[in-house]
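A.B. asks: Contents of final.cif (mmCIF, C-alpha atoms) are given next:
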data_query
#
loop_
_atom_site.label_atom_id
_atom_site.label_comp_id
_atom_site.auth_asym_id
_atom_site.auth_seq_id
_atom_site.Cartn_x
_atom_site.Cartn_y
_atom_site.Cartn_z
CA MET A 216 105.20 -122.71 163.41
CA CYS A 217 107.21 -125.07 165.57
CA GLU A 218 104.72 -126.96 167.71
CA HIS A 219 107.26 -127.61 170.43
CA CYS A 220 108.45 -124.18 171.30
CA GLY A 221 106.31 -121.84 169.19
CA CYS A 222 109.42 -120.19 167.84
CA GLY A 223 108.12 -119.61 164.32
CA VAL A 224 110.69 -121.71 162.48
CA PRO A 225 108.81 -123.16 159.48
CA GLY A 226 108.93 -126.93 159.25
CA ALA A 227 110.75 -127.36 162.52
CA ALA A 228 108.07 -129.71 163.88
CA SER A 229 108.20 -131.96 160.81
CA ASP A 230 111.75 -132.97 161.59
CA HIS A 231 112.18 -133.99 165.18
CA GLY A 232 115.88 -134.42 164.87
CA ALA A 233 116.27 -130.94 163.48
CA HIS A 234 113.99 -129.50 166.15
CA HIS A 235 116.01 -130.89 169.02
CA ALA A 236 119.20 -129.76 167.40
CA HIS A 237 117.68 -126.34 166.95
CA VAL A 238 116.69 -126.06 170.60
CA HIS A 239 120.13 -127.03 171.67
CA ASP A 240 121.83 -124.59 169.33
CA HIS A 241 119.57 -121.84 170.50
CA ASN A 242 120.40 -122.27 174.16
CA HIS A 243 124.00 -122.82 173.40
CA ALA A 244 124.27 -119.69 171.32
CA HIS A 245 122.79 -117.54 174.07
CA ALA A 246 124.99 -119.03 176.73
CA HIS A 247 128.07 -118.06 174.75
CA GLY A 248 127.47 -114.55 173.69
CA HIS A 249 125.23 -114.88 170.65
CA ASP A 250 127.11 -117.28 168.47
CA HIS A 251 124.40 -117.31 165.85
CA ASP A 252 126.16 -118.92 162.88
CA ARG A 253 124.23 -122.17 163.20
CA ASP A 254 120.71 -120.72 163.58
CA GLU A 255 120.54 -117.89 161.09
CA ALA A 256 116.93 -118.74 160.17
CA HIS A 257 115.72 -118.13 163.71
CA ALA A 258 113.12 -115.39 163.81
CA HIS A 259 114.13 -114.09 167.24
CA GLN A 260 117.68 -113.41 166.25
CA GLY A 261 119.16 -110.12 167.34
CA GLN A 262 116.19 -108.92 169.44
CA PRO A 263 117.09 -107.65 172.89
CA GLU A 264 114.25 -109.60 174.49
CA ALA A 265 116.40 -110.96 177.24
CA GLU A 266 116.88 -107.43 178.58
CA ARG A 267 113.18 -106.58 178.63
CA ARG A 268 111.44 -106.87 181.92
CA THR A 269 107.99 -106.26 183.25
CA VAL A 270 107.22 -103.55 185.78
CA LEU A 271 103.91 -103.88 187.61
CA VAL A 272 102.23 -100.50 188.04
CA ARG A 273 98.52 -101.00 188.84
CA GLU A 274 97.91 -97.33 189.36
CA GLY A 275 94.68 -95.49 188.62
CA ILE A 276 95.13 -92.82 185.97
CA LEU A 277 92.90 -90.49 187.95
CA ALA A 278 94.60 -91.20 191.28
CA LYS A 279 96.23 -87.76 191.33
CA ASN A 280 92.95 -85.99 190.50
CA ASP A 281 91.15 -88.02 193.15
CA ARG A 282 93.72 -87.04 195.78
CA ILE A 283 93.35 -83.35 194.96
CA ALA A 284 89.56 -83.70 194.93
CA GLU A 285 89.67 -85.23 198.39
CA ARG A 286 91.84 -82.35 199.57
CA ASN A 287 89.33 -79.89 198.06
CA ARG A 288 86.53 -81.63 199.93
CA GLY A 289 88.39 -81.30 203.21
CA TYR A 290 89.07 -77.63 202.50
CA PHE A 291 85.41 -76.95 201.64
CA GLU A 292 84.37 -78.75 204.79
CA ALA A 293 86.66 -76.58 206.90
CA LYS A 294 85.10 -73.49 205.29
CA GLY A 295 81.58 -74.81 205.96
CA LEU A 296 80.71 -74.74 202.27
CA PHE A 297 78.17 -76.86 200.43
CA VAL A 298 79.45 -77.63 196.93
CA LEU A 299 77.60 -78.54 193.74
CA ASN A 300 79.12 -79.80 190.49
CA LEU A 301 76.70 -78.74 187.73
CA LEU A 302 76.88 -80.90 184.60
CA SER A 303 75.02 -80.80 181.30
CA SER A 304 75.39 -80.52 177.56
CA PRO A 305 76.07 -77.03 176.19
CA GLY A 306 72.94 -74.91 176.25
CA SER A 307 70.92 -76.79 178.87
CA GLY A 308 70.64 -73.64 180.98
CA LYS A 309 73.33 -73.96 183.64
CA THR A 310 74.22 -70.26 183.74
CA THR A 311 70.58 -69.14 183.56
CA LEU A 312 69.74 -71.46 186.44
CA ILE A 313 72.51 -69.99 188.58
CA GLU A 314 71.47 -66.40 187.74
CA ARG A 315 67.94 -67.16 188.86
CA MET A 316 69.14 -68.95 192.01
CA ALA A 317 71.34 -66.02 192.98
CA ALA A 318 68.48 -63.56 192.57
CA ASP A 319 65.91 -65.70 194.41
CA LEU A 320 68.20 -66.84 197.23
CA LYS A 321 69.49 -63.39 198.16
CA GLY A 322 69.38 -63.27 201.98
CA ARG A 323 68.91 -67.05 202.22
CA LEU A 324 72.11 -68.54 200.81
CA ARG A 325 75.32 -66.79 199.82
CA ILE A 326 76.46 -68.23 196.49
CA GLY A 327 79.82 -68.20 194.70
CA VAL A 328 80.57 -69.76 191.33
CA VAL A 329 83.50 -71.33 189.51
CA VAL A 330 82.64 -71.57 185.84
CA GLY A 331 84.50 -73.64 183.27
CA ASP A 332 84.40 -73.02 179.55
CA LEU A 333 86.64 -73.88 176.63
CA ALA A 334 86.92 -70.18 175.76
CA THR A 335 85.57 -66.71 176.71
CA ASP A 336 84.62 -65.42 180.14
CA ASN A 337 81.07 -64.48 179.07
CA ASP A 338 79.44 -66.70 181.68
CA ALA A 339 81.44 -65.20 184.55
CA HIS A 340 80.48 -61.69 183.36
CA ARG A 341 76.82 -62.70 183.21
CA LEU A 342 77.00 -64.03 186.77
CA GLU A 343 78.89 -61.04 188.11
CA ALA A 344 76.27 -58.78 186.56
CA ALA A 345 73.74 -60.77 188.58
CA GLY A 346 75.74 -59.96 191.72
CA VAL A 347 77.37 -63.39 192.13
CA PRO A 348 81.11 -63.64 192.78
CA ALA A 349 82.31 -65.77 189.86
CA ILE A 350 85.71 -67.02 188.70
CA GLN A 351 86.09 -68.14 185.12
CA VAL A 352 88.37 -71.08 184.32
CA THR A 353 89.18 -71.14 180.62
CA THR A 354 90.19 -74.69 179.86
CA GLY A 355 91.40 -74.14 176.28
CA THR A 356 91.21 -77.52 174.56
CA VAL A 357 90.39 -79.42 177.73
CA CYS A 358 86.77 -80.59 177.74
CA HIS A 359 86.24 -80.79 181.51
CA LEU A 360 87.26 -79.24 184.80
CA ASP A 361 89.62 -81.18 187.01
CA ALA A 362 90.23 -80.96 190.74
CA GLU A 363 93.44 -78.97 190.35
CA MET A 364 91.75 -76.26 188.25
CA VAL A 365 89.06 -75.94 190.92
CA ALA A 366 91.65 -75.80 193.71
CA GLY A 367 93.34 -72.90 191.93
CA ALA A 368 90.13 -71.03 191.11
CA VAL A 369 88.58 -71.10 194.58
CA THR A 370 91.51 -69.26 196.12
CA ARG A 371 90.20 -66.19 194.24
CA LEU A 372 86.72 -66.43 195.79
CA PRO A 373 85.72 -65.04 199.21
CA LEU A 374 84.94 -68.55 200.46
CA GLY A 375 84.55 -67.48 204.09
CA ALA A 376 81.59 -65.30 203.07
CA LEU A 377 79.78 -68.06 201.13
CA ASP A 378 77.37 -70.89 202.00
CA LEU A 379 77.12 -72.51 198.61
CA LEU A 380 79.78 -72.99 195.96
CA ILE A 381 78.50 -73.91 192.52
CA ILE A 382 80.97 -75.34 190.04
CA GLU A 383 79.55 -74.91 186.56
CA ASN A 384 81.38 -77.54 184.55
CA VAL A 385 82.23 -77.36 180.85
CA GLY A 386 79.14 -78.20 178.77
CA ASN A 387 79.76 -81.86 177.97
CA LEU A 388 78.02 -85.07 179.04
CA VAL A 389 80.97 -87.42 178.68
CA CYS A 390 84.33 -86.18 179.92
CA PRO A 391 83.42 -84.37 183.16
CA ALA A 392 81.87 -87.58 184.52
CA ALA A 393 85.29 -89.05 185.26
CA PHE A 394 86.64 -86.12 187.28
CA ASP A 395 85.79 -85.76 190.94
CA LEU A 396 86.20 -82.09 191.87
CA GLY A 397 85.58 -82.41 195.61
CA GLU A 398 81.86 -81.65 195.35
CA TYR A 399 79.15 -83.04 197.62
CA TRP A 400 76.39 -83.14 195.05
CA ARG A 401 76.51 -83.87 191.36
CA VAL A 402 73.64 -82.13 189.63
CA VAL A 403 72.91 -83.08 186.02
CA LEU A 404 70.75 -80.73 183.95
CA MET A 405 68.73 -81.83 180.98
CA SER A 406 66.50 -79.40 179.11
CA VAL A 407 63.20 -80.35 177.51
CA THR A 408 64.56 -79.06 174.18
CA GLU A 409 67.12 -81.88 174.14
CA GLY A 410 64.54 -84.63 173.77
CA GLU A 411 63.74 -87.51 176.07
CA ASP A 412 66.57 -89.98 175.52
CA LYS A 413 69.65 -88.15 176.85
CA PRO A 414 69.79 -90.36 179.97
CA LEU A 415 69.89 -93.47 177.79
CA LYS A 416 72.60 -92.06 175.55
CA TYR A 417 74.83 -90.86 178.41
CA PRO A 418 74.07 -93.26 181.27
CA THR A 419 77.45 -92.86 182.96
CA ILE A 420 76.99 -89.20 183.86
CA PHE A 421 73.37 -89.75 184.94
CA ARG A 422 74.26 -92.77 187.05
CA ASP A 423 76.40 -90.70 189.40
CA ALA A 424 73.96 -87.80 189.70
CA THR A 425 72.69 -86.85 193.15
CA ALA A 426 69.99 -84.75 191.50
CA VAL A 427 68.69 -84.40 187.97
CA LEU A 428 67.05 -81.12 186.98
CA LEU A 429 64.75 -81.14 184.01
CA THR A 430 65.09 -77.55 182.80
CA LYS A 431 63.21 -75.16 180.47
CA THR A 432 59.91 -76.81 181.32
CA ASP A 433 58.16 -73.66 180.05
CA LEU A 434 59.13 -74.81 176.53
CA ALA A 435 57.79 -78.35 176.94
CA ALA A 436 54.53 -77.79 175.09
CA ALA A 437 56.19 -75.92 172.23
CA THR A 438 58.67 -78.72 171.62
CA GLY A 439 56.22 -81.62 171.99
CA PHE A 440 58.22 -82.93 174.93
CA ALA A 441 57.12 -86.38 176.14
CA ARG A 442 57.40 -85.82 179.89
CA GLU A 443 56.49 -89.32 181.09
CA THR A 444 59.02 -90.92 178.73
CA ALA A 445 61.75 -88.52 179.87
CA LEU A 446 61.05 -89.13 183.57
CA HIS A 447 61.03 -92.88 182.95
CA ASN A 448 64.41 -92.65 181.19
CA ILE A 449 65.90 -90.53 183.98
CA ARG A 450 64.70 -93.07 186.56
CA ARG A 451 66.25 -95.90 184.58
CA ALA A 452 69.64 -94.22 184.24
CA ALA A 453 69.70 -92.52 187.63
CA PRO A 454 67.66 -94.69 190.02
CA ALA A 455 69.06 -92.97 193.12
CA ALA A 456 68.79 -89.32 192.00
CA ARG A 457 66.26 -86.72 193.14
CA VAL A 458 64.42 -85.49 190.08
CA LEU A 459 63.07 -81.95 189.86
CA GLU A 460 61.36 -80.08 187.04
CA VAL A 461 62.19 -76.39 186.78
CA SER A 462 61.95 -73.34 184.60
CA ALA A 463 64.49 -70.65 185.43
CA ARG A 464 62.56 -68.27 183.18
CA THR A 465 59.10 -68.55 184.79
CA GLY A 466 60.34 -69.70 188.19
CA GLN A 467 58.14 -72.78 188.05
CA GLY A 468 59.50 -75.56 190.27
CA MET A 469 62.36 -73.41 191.54
CA GLU A 470 61.05 -73.18 195.10
CA ALA A 471 61.02 -76.98 195.43
CA TRP A 472 64.62 -77.03 194.22
CA TYR A 473 65.63 -74.39 196.78
CA GLU A 474 63.97 -76.31 199.59
CA THR A 475 65.75 -79.52 198.57
CA LEU A 476 69.04 -77.69 198.34
CA GLN A 477 68.67 -75.76 201.58
CA ALA A 478 67.72 -78.90 203.49
CA ALA A 479 70.81 -80.68 202.15
CA GLN A 480 73.03 -77.70 202.88
CA ALA A 481 71.70 -77.34 206.44
CA ALA A 482 72.13 -81.08 207.13
CA HIS A 483 75.64 -80.93 205.76
CA ALA A 484 76.56 -77.85 207.79
CA ALA A 485 75.18 -79.47 210.96
CA ALA A 486 77.13 -82.66 210.34
CA HIS A 487 80.41 -80.79 209.85
CA ARG A 488 80.12 -78.14 212.50
CA MET B 195 88.78 -85.48 174.17
CA HIS B 196 89.66 -86.00 177.82
CA GLU B 197 91.72 -88.90 176.47
CA LEU B 198 94.52 -86.36 175.97
CA SER B 199 94.61 -85.41 179.66
CA LEU B 200 94.28 -89.05 180.66
CA MET B 201 97.18 -90.04 178.42
CA GLU B 202 99.28 -87.20 179.82
CA GLN B 203 98.72 -88.65 183.30
CA THR B 204 99.32 -92.20 182.05
CA LEU B 205 102.67 -91.27 180.53
CA ALA B 206 103.69 -89.37 183.66
CA ILE B 207 102.92 -92.44 185.80
CA ALA B 208 104.67 -94.75 183.31
CA VAL B 209 107.85 -92.66 183.16
CA THR B 210 108.00 -92.40 186.96
CA HIS B 211 107.74 -96.18 187.34
CA ALA B 212 110.18 -96.91 184.51
CA GLN B 213 112.78 -94.53 185.90
CA ARG B 214 112.33 -95.96 189.36
CA ALA B 215 113.08 -99.38 187.83
CA GLY B 216 116.26 -97.98 186.27
CA ALA B 217 114.97 -98.42 182.72
CA GLN B 218 115.94 -96.38 179.66
CA ARG B 219 113.04 -97.31 177.42
CA ILE B 220 109.41 -98.35 177.63
CA HIS B 221 108.40 -100.94 175.04
CA LEU B 222 104.88 -101.81 176.08
CA LEU B 223 102.18 -100.23 178.23
CA THR B 224 99.18 -102.30 179.29
CA MET B 225 96.11 -100.37 180.38
CA ARG B 226 92.86 -101.64 181.88
CA ILE B 227 89.90 -99.62 180.65
CA GLY B 228 86.42 -100.19 182.07
CA ALA B 229 83.38 -100.04 179.81
CA LEU B 230 82.00 -97.30 182.10
CA SER B 231 85.09 -95.13 182.09
CA GLY B 232 83.81 -93.07 179.17
CA VAL B 233 87.12 -93.53 177.38
CA VAL B 234 87.26 -94.21 173.66
CA PRO B 235 90.19 -96.61 173.07
CA ASP B 236 90.93 -95.19 169.61
CA ALA B 237 91.13 -91.67 171.02
CA LEU B 238 93.47 -92.97 173.71
CA ARG B 239 95.70 -94.57 171.08
CA PHE B 240 95.77 -91.37 169.09
CA ALA B 241 96.68 -89.38 172.19
CA PHE B 242 99.40 -91.91 172.98
CA GLU B 243 100.90 -91.60 169.50
CA VAL B 244 101.05 -87.83 169.77
CA LEU B 245 102.16 -87.48 173.38
CA SER B 246 104.70 -90.32 173.53
CA ARG B 247 106.91 -88.78 170.82
CA GLY B 248 110.27 -87.81 172.24
CA THR B 249 109.61 -89.55 175.56
CA MET B 250 111.08 -92.85 176.73
CA ALA B 251 107.87 -94.49 175.48
CA ASP B 252 108.44 -93.30 171.91
CA GLY B 253 107.59 -96.19 169.57
CA ALA B 254 106.15 -98.32 172.36
CA GLU B 255 103.06 -100.48 171.98
CA LEU B 256 99.90 -99.52 173.84
CA ARG B 257 97.81 -102.53 174.82
CA ILE B 258 94.30 -101.88 176.07
CA GLU B 259 92.52 -104.56 178.09
CA PRO B 260 88.79 -103.88 178.20
CA VAL B 261 87.09 -104.47 181.57
CA PRO B 262 83.40 -105.44 181.31
CA ILE B 263 80.67 -104.05 183.56
CA ILE B 264 79.70 -106.20 186.54
CA ALA B 265 76.57 -105.06 188.34
CA TYR B 266 74.96 -106.30 191.53
CA CYS B 267 71.32 -107.10 192.17
CA SER B 268 70.48 -106.71 195.85
CA ALA B 269 67.16 -108.57 195.49
CA CYS B 270 68.79 -111.72 194.11
CA VAL B 271 72.08 -111.18 195.98
CA ARG B 272 74.09 -111.89 192.87
CA GLU B 273 76.41 -110.23 190.41
CA PHE B 274 75.81 -110.19 186.68
CA GLU B 275 77.61 -108.92 183.62
CA THR B 276 75.85 -106.27 181.59
CA ALA B 277 76.57 -104.48 178.32
CA ASP B 278 75.61 -101.07 179.70
CA LEU B 279 74.36 -99.38 182.84
CA LEU B 280 70.75 -99.84 181.88
CA GLY B 281 71.01 -103.62 182.00
CA ALA B 282 68.52 -105.37 184.25
CA CYS B 283 69.16 -108.42 186.40
CA PRO B 284 68.69 -111.47 184.16
CA ARG B 285 66.92 -113.33 186.96
CA CYS B 286 64.41 -110.80 188.34
CA GLY B 287 64.48 -108.00 185.75
CA GLU B 288 65.16 -105.27 188.31
CA PRO B 289 67.75 -102.60 187.50
CA ALA B 290 71.15 -103.04 189.09
CA THR B 291 71.61 -101.36 192.45
CA GLN B 292 75.40 -101.25 192.40
CA VAL B 293 78.22 -101.24 189.93
CA ARG B 294 80.95 -103.62 191.05
CA GLN B 295 83.31 -103.31 188.10
CA GLY B 296 83.65 -101.32 184.89
CA ARG B 297 84.93 -97.92 186.00
CA GLU B 298 88.59 -99.01 185.80
CA LEU B 299 91.02 -96.61 184.28
CA GLU B 300 94.46 -97.81 185.18
CA LEU B 301 97.96 -98.49 184.01
CA GLY B 302 98.50 -102.17 184.75
CA SER B 303 102.08 -102.84 183.76
CA LEU B 304 105.02 -101.85 181.59
CA GLU B 305 107.63 -103.70 179.64
CA VAL B 306 110.90 -101.84 179.89
CA SER B 307 114.60 -102.20 179.19
#
What's the structure tokens form of this structure?
C.D. replies:
Amino acid sequence: MCEHCGCGVPGAASDHGAHHAHVHDHNHAHAHGHDHDRDEAHAHQGQPEAERRTVLVREGILAKNDRIAERNRGYFEAKGLFVLNLLSSPGSGKTTLIERMAADLKGRLRIGVVVGDLATDNDAHRLEAAGVPAIQVTTGTVCHLDAEMVAGAVTRLPLGALDLLIIENVGNLVCPAAFDLGEYWRVVLMSVTEGEDKPLKYPTIFRDATAVLLTKTDLAAATGFARETALHNIRRAAPAARVLEVSARTGQGMEAWYETLQAAQAAHAAAHR
Amino acid sequence: MHELSLMEQTLAIAVTHAQRAGAQRIHLLTMRIGALSGVVPDALRFAFEVLSRGTMADGAELRIEPVPIIAYCSACVREFETADLLGACPRCGEPATQVRQGRELELGSLEVS
């Protein structure tokens, strides 16, 4: 390569006379409409580089989602709603948890649900059977809910008659982390059947959690679950999160979760009245 | 595969900016991707290849600049670079209290004509 201009002409640097001539020819040729007959060996010949220009963008890819999420938050605030974004891997017990909550909280908190799945509306049917107004968002190939999907879905819920909106995200511990939906609390579920190291494998989603629920604790003994290790890992990945241990099947730990949730909901409602 | 949705957004932003600049073609897109963004660069490239076909970015190069994680230790009042979120402060060994950098997911610039 030419050591003087980096132009890629082999041997150009070994002959100073030739190099200077080359530089001159190059400039000259460009100044007069690409008269290239004297520098045919030049690697840049014929490329339209002169026309290329740089456009600075510096825009966040999620800027649009974040704007819609912020609008959702304002809308929820105006409706006096407390909103949870429920995140977990598939099969951690999100729907079962909501079913149990709806049954137990009847008369205490009015709950509505937006549920995201790649396919089927089974979860919404399960929730409706439990007496919870639920809207299914079928995302198709999309592995997460975004703020726009939520904005569309909530218009079909009787928001004025609700205290708590639960958004059950698509079962996935990676993609949903990036999408703000306009929620107040991010709740990450992790079941004892998943082992102890989920928080270490997916630290991003745990890091942003307001609360972490360790679910299916009734199965802990059967699966040889190492509770102390799991709690230690959750604390490492989510130092700021409230951690609760629950079983939606036996009801163990559920009352503590309701008290936490109701206190947060009441504080939120008071602050935005 | 949320890389597909992200690339859809990226291309929409790129085309808007290129058209605003009066360009016909996009030759190069430079993205800044934080280590905490949860994005897999190869999946992003694949999505780009598929989604850019037939657009003004068809055949363009996608350059991805990785952005490392910078965390903050409130005890030592200092920032430090860490490979993942579980990294402890190299001075006191406490876990980081804040993430200062690493969530970036942005389109930095374009080369157009």
A.B. asks: I'd like the interatomic distance between CA of Ala217 in chain B and CA of Glu197 in chain B, to a tenth of an Å.
C.D. replies: 25.9 Å
A.B. asks: I'd like the contact shell of Met225 in chain B - 7 Å cut-off, all atoms listed in the file, skipping same-chain residues fewer than 4 positions apart - returned as number ranges by chain.
C.D. replies: B: 257-259, 300-302
A.B. asks: Within 6 Å of chain A, which residues of chain B are there when counting all atoms listed in the file? Please give them as number ranges by chain.
C.D. replies: B: 196, 204, 299-307
A.B. asks: Produce a file of the selected residues containing C-alpha atoms, as an mmCIF file, in the frame of the given file.
C.D. replies:
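Result file part02.cif:
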data_model
loop_
_atom_site.group_PDB
_atom_site.id
_atom_site.type_symbol
_atom_site.label_atom_id
_atom_site.label_comp_id
_atom_site.auth_asym_id
_atom_site.auth_seq_id
_atom_site.Cartn_x
_atom_site.Cartn_y
_atom_site.Cartn_z
ATOM 1 C CA HIS B 196 89.660 -86.000 177.820
ATOM 2 C CA THR B 204 99.320 -92.200 182.050
ATOM 3 C CA LEU B 299 91.020 -96.610 184.280
ATOM 4 C CA GLU B 300 94.460 -97.810 185.180
ATOM 5 C CA LEU B 301 97.960 -98.490 184.010
ATOM 6 C CA GLY B 302 98.500 -102.170 184.750
ATOM 7 C CA SER B 303 102.080 -102.840 183.760
ATOM 8 C CA LEU B 304 105.020 -101.850 181.590
ATOM 9 C CA GLU B 305 107.630 -103.700 179.640
ATOM 10 C CA VAL B 306 110.900 -101.840 179.890
ATOM 11 C CA SER B 307 114.600 -102.200 179.190
#
A.B. asks: I'd like the residues picked by the PyMOL selection byres ((chain A and resi 327-333) around 10) written out as a PDB file with C-alpha atoms, in the coordinates of the input, using the chain letters and numbers from the file.
C.D. replies:
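Once everything was written out, this is selection06.pdb:
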ATOM      1  CA  VAL A 298      79.450 -77.630 196.930  1.00  0.00           C
ATOM      2  CA  LEU A 299      77.600 -78.540 193.740  1.00  0.00           C
ATOM      3  CA  ASN A 300      79.120 -79.800 190.490  1.00  0.00           C
ATOM      4  CA  LEU A 301      76.700 -78.740 187.730  1.00  0.00           C
ATOM      5  CA  PRO A 305      76.070 -77.030 176.190  1.00  0.00           C
ATOM      6  CA  LYS A 309      73.330 -73.960 183.640  1.00  0.00           C
ATOM      7  CA  THR A 310      74.220 -70.260 183.740  1.00  0.00           C
ATOM      8  CA  ILE A 313      72.510 -69.990 188.580  1.00  0.00           C
ATOM      9  CA  ALA A 317      71.340 -66.020 192.980  1.00  0.00           C
ATOM     10  CA  LEU A 324      72.110 -68.540 200.810  1.00  0.00           C
ATOM     11  CA  ARG A 325      75.320 -66.790 199.820  1.00  0.00           C
ATOM     12  CA  ILE A 326      76.460 -68.230 196.490  1.00  0.00           C
ATOM     13  CA  ALA A 334      86.920 -70.180 175.760  1.00  0.00           C
ATOM     14  CA  THR A 335      85.570 -66.710 176.710  1.00  0.00           C
ATOM     15  CA  ASP A 336      84.620 -65.420 180.140  1.00  0.00           C
ATOM     16  CA  ASN A 337      81.070 -64.480 179.070  1.00  0.00           C
ATOM     17  CA  ASP A 338      79.440 -66.700 181.680  1.00  0.00           C
ATOM     18  CA  ALA A 339      81.440 -65.200 184.550  1.00  0.00           C
ATOM     19  CA  LEU A 342      77.000 -64.030 186.770  1.00  0.00           C
ATOM     20  CA  GLU A 343      78.890 -61.040 188.110  1.00  0.00           C
ATOM     21  CA  GLY A 346      75.740 -59.960 191.720  1.00  0.00           C
ATOM     22  CA  VAL A 347      77.370 -63.390 192.130  1.00  0.00           C
ATOM     23  CA  PRO A 348      81.110 -63.640 192.780  1.00  0.00           C
ATOM     24  CA  ALA A 349      82.310 -65.770 189.860  1.00  0.00           C
ATOM     25  CA  ILE A 350      85.710 -67.020 188.700  1.00  0.00           C
ATOM     26  CA  GLN A 351      86.090 -68.140 185.120  1.00  0.00           C
ATOM     27  CA  VAL A 352      88.370 -71.080 184.320  1.00  0.00           C
ATOM     28  CA  THR A 353      89.180 -71.140 180.620  1.00  0.00           C
ATOM     29  CA  THR A 354      90.190 -74.690 179.860  1.00  0.00           C
ATOM     30  CA  GLY A 355      91.400 -74.140 176.280  1.00  0.00           C
ATOM     31  CA  THR A 356      91.210 -77.520 174.560  1.00  0.00           C
ATOM     32  CA  VAL A 357      90.390 -79.420 177.730  1.00  0.00           C
ATOM     33  CA  CYS A 358      86.770 -80.590 177.740  1.00  0.00           C
ATOM     34  CA  HIS A 359      86.240 -80.790 181.510  1.00  0.00           C
ATOM     35  CA  LEU A 360      87.260 -79.240 184.800  1.00  0.00           C
ATOM     36  CA  ASP A 361      89.620 -81.180 187.010  1.00  0.00           C
ATOM     37  CA  MET A 364      91.750 -76.260 188.250  1.00  0.00           C
ATOM     38  CA  VAL A 365      89.060 -75.940 190.920  1.00  0.00           C
ATOM     39  CA  ALA A 368      90.130 -71.030 191.110  1.00  0.00           C
ATOM     40  CA  VAL A 369      88.580 -71.100 194.580  1.00  0.00           C
ATOM     41  CA  ARG A 371      90.200 -66.190 194.240  1.00  0.00           C
ATOM     42  CA  LEU A 372      86.720 -66.430 195.790  1.00  0.00           C
ATOM     43  CA  PRO A 373      85.720 -65.040 199.210  1.00  0.00           C
ATOM     44  CA  LEU A 374      84.940 -68.550 200.460  1.00  0.00           C
ATOM     45  CA  ALA A 376      81.590 -65.300 203.070  1.00  0.00           C
ATOM     46  CA  LEU A 377      79.780 -68.060 201.130  1.00  0.00           C
ATOM     47  CA  ASP A 378      77.370 -70.890 202.000  1.00  0.00           C
ATOM     48  CA  LEU A 379      77.120 -72.510 198.610  1.00  0.00           C
ATOM     49  CA  LEU A 380      79.780 -72.990 195.960  1.00  0.00           C
ATOM     50  CA  ILE A 381      78.500 -73.910 192.520  1.00  0.00           C
ATOM     51  CA  ILE A 382      80.970 -75.340 190.040  1.00  0.00           C
ATOM     52  CA  GLU A 383      79.550 -74.910 186.560  1.00  0.00           C
ATOM     53  CA  ASN A 384      81.380 -77.540 184.550  1.00  0.00           C
ATOM     54  CA  VAL A 385      82.230 -77.360 180.850  1.00  0.00           C
ATOM     55  CA  GLY A 386      79.140 -78.200 178.770  1.00  0.00           C
TER      56      GLY A 386
END
A.B. asks: With the file shown as input, list the residues that the PyMOL selection byres ((chain B and resi 220) around 9) selects, as a PyMOL selection string.
C.D. replies: chain B and resi 208-209+212+217-219+221-223+250-255+304-307
A.B. asks: Can you turn the PyMOL selection byres ((chain A and resi 460-465) around 7) into a concrete residue list for this file, as a list in words?
C.D. replies: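 That expression, the PyMOL selection byres ((chain A and resi 460-465) around 7), corresponds here to Thr311, Leu312, Arg315, Leu428, Leu429, Thr430, Lys431, Thr432, Asp433, Val458, Leu459, Gly466, Gln467, Gly468 and Met469 of chain A.
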A.B. asks: So which one's closest to Phe242 in chain B, B:Arg285, B:Arg294, B:Ala206, B:Asp278? Using all atoms listed in the file, please.
C.D. replies: B:Ala206
A.B. asks: Between A:Glu398, A:Glu292, A:Asp412, A:Glu285, which has the minimum distance to Ala424 in chain A (counting all atoms listed in the file)?
C.D. replies: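 Of A:Glu398, A:Glu292, A:Asp412, A:Glu285, the one nearest Ala424 in chain A is A:Glu398, counting all atoms listed in the file.
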A.B. asks: CA of Glu411 in chain A and CA of Arg442 in chain A are how many Å apart?
C.D. replies: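 Straight-line distance from CA of Glu411 in chain A to CA of Arg442 in chain A works out to 7.6 Å.
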A.B. asks: Taking all atoms of range 274-284 of chain B that appear in the file, build a box with edges along x, y and z, extend it by 4 Å on every side, and state its centre and edge lengths in Å to one decimal, as lines of an AutoDock Vina configuration file.
C.D. replies:
center_x = 73.1
center_y = -105.4
center_z = 182.5
size_x = 17.1
size_y = 20.1
size_z = 16.4
A.B. asks: Report, in Å with one decimal, the straight-line distance from CA of Val402 in chain A to CA of Gly308 in chain A.
C.D. replies: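 Calculated distance between CA of Val402 in chain A and CA of Gly308 in chain A is 12.5 Å.
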A.B. asks: Got a sec to check which residues sit within 10 Å of (89.4, -102.9, 174.9), counting all atoms listed in the file, and write them as a PyMOL selection string?
C.D. replies: chain B and resi 225-229+233-236+257-262
A.B. asks: Go ahead and save the residues from that selection, with C-alpha atoms, as a short mmCIF file (atom, residue, chain, number, x, y, z; two decimals), keeping the file's coordinate frame.
C.D. replies:
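The resulting file, again-v9.cif, is shown below:
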data_model
loop_
_atom_site.label_atom_id
_atom_site.label_comp_id
_atom_site.auth_asym_id
_atom_site.auth_seq_id
_atom_site.Cartn_x
_atom_site.Cartn_y
_atom_site.Cartn_z
CA MET B 225 96.11 -100.37 180.38
CA ARG B 226 92.86 -101.64 181.88
CA ILE B 227 89.90 -99.62 180.65
CA GLY B 228 86.42 -100.19 182.07
CA ALA B 229 83.38 -100.04 179.81
CA VAL B 233 87.12 -93.53 177.38
CA VAL B 234 87.26 -94.21 173.66
CA PRO B 235 90.19 -96.61 173.07
CA ASP B 236 90.93 -95.19 169.61
CA ARG B 257 97.81 -102.53 174.82
CA ILE B 258 94.30 -101.88 176.07
CA GLU B 259 92.52 -104.56 178.09
CA PRO B 260 88.79 -103.88 178.20
CA VAL B 261 87.09 -104.47 181.57
CA PRO B 262 83.40 -105.44 181.31
#
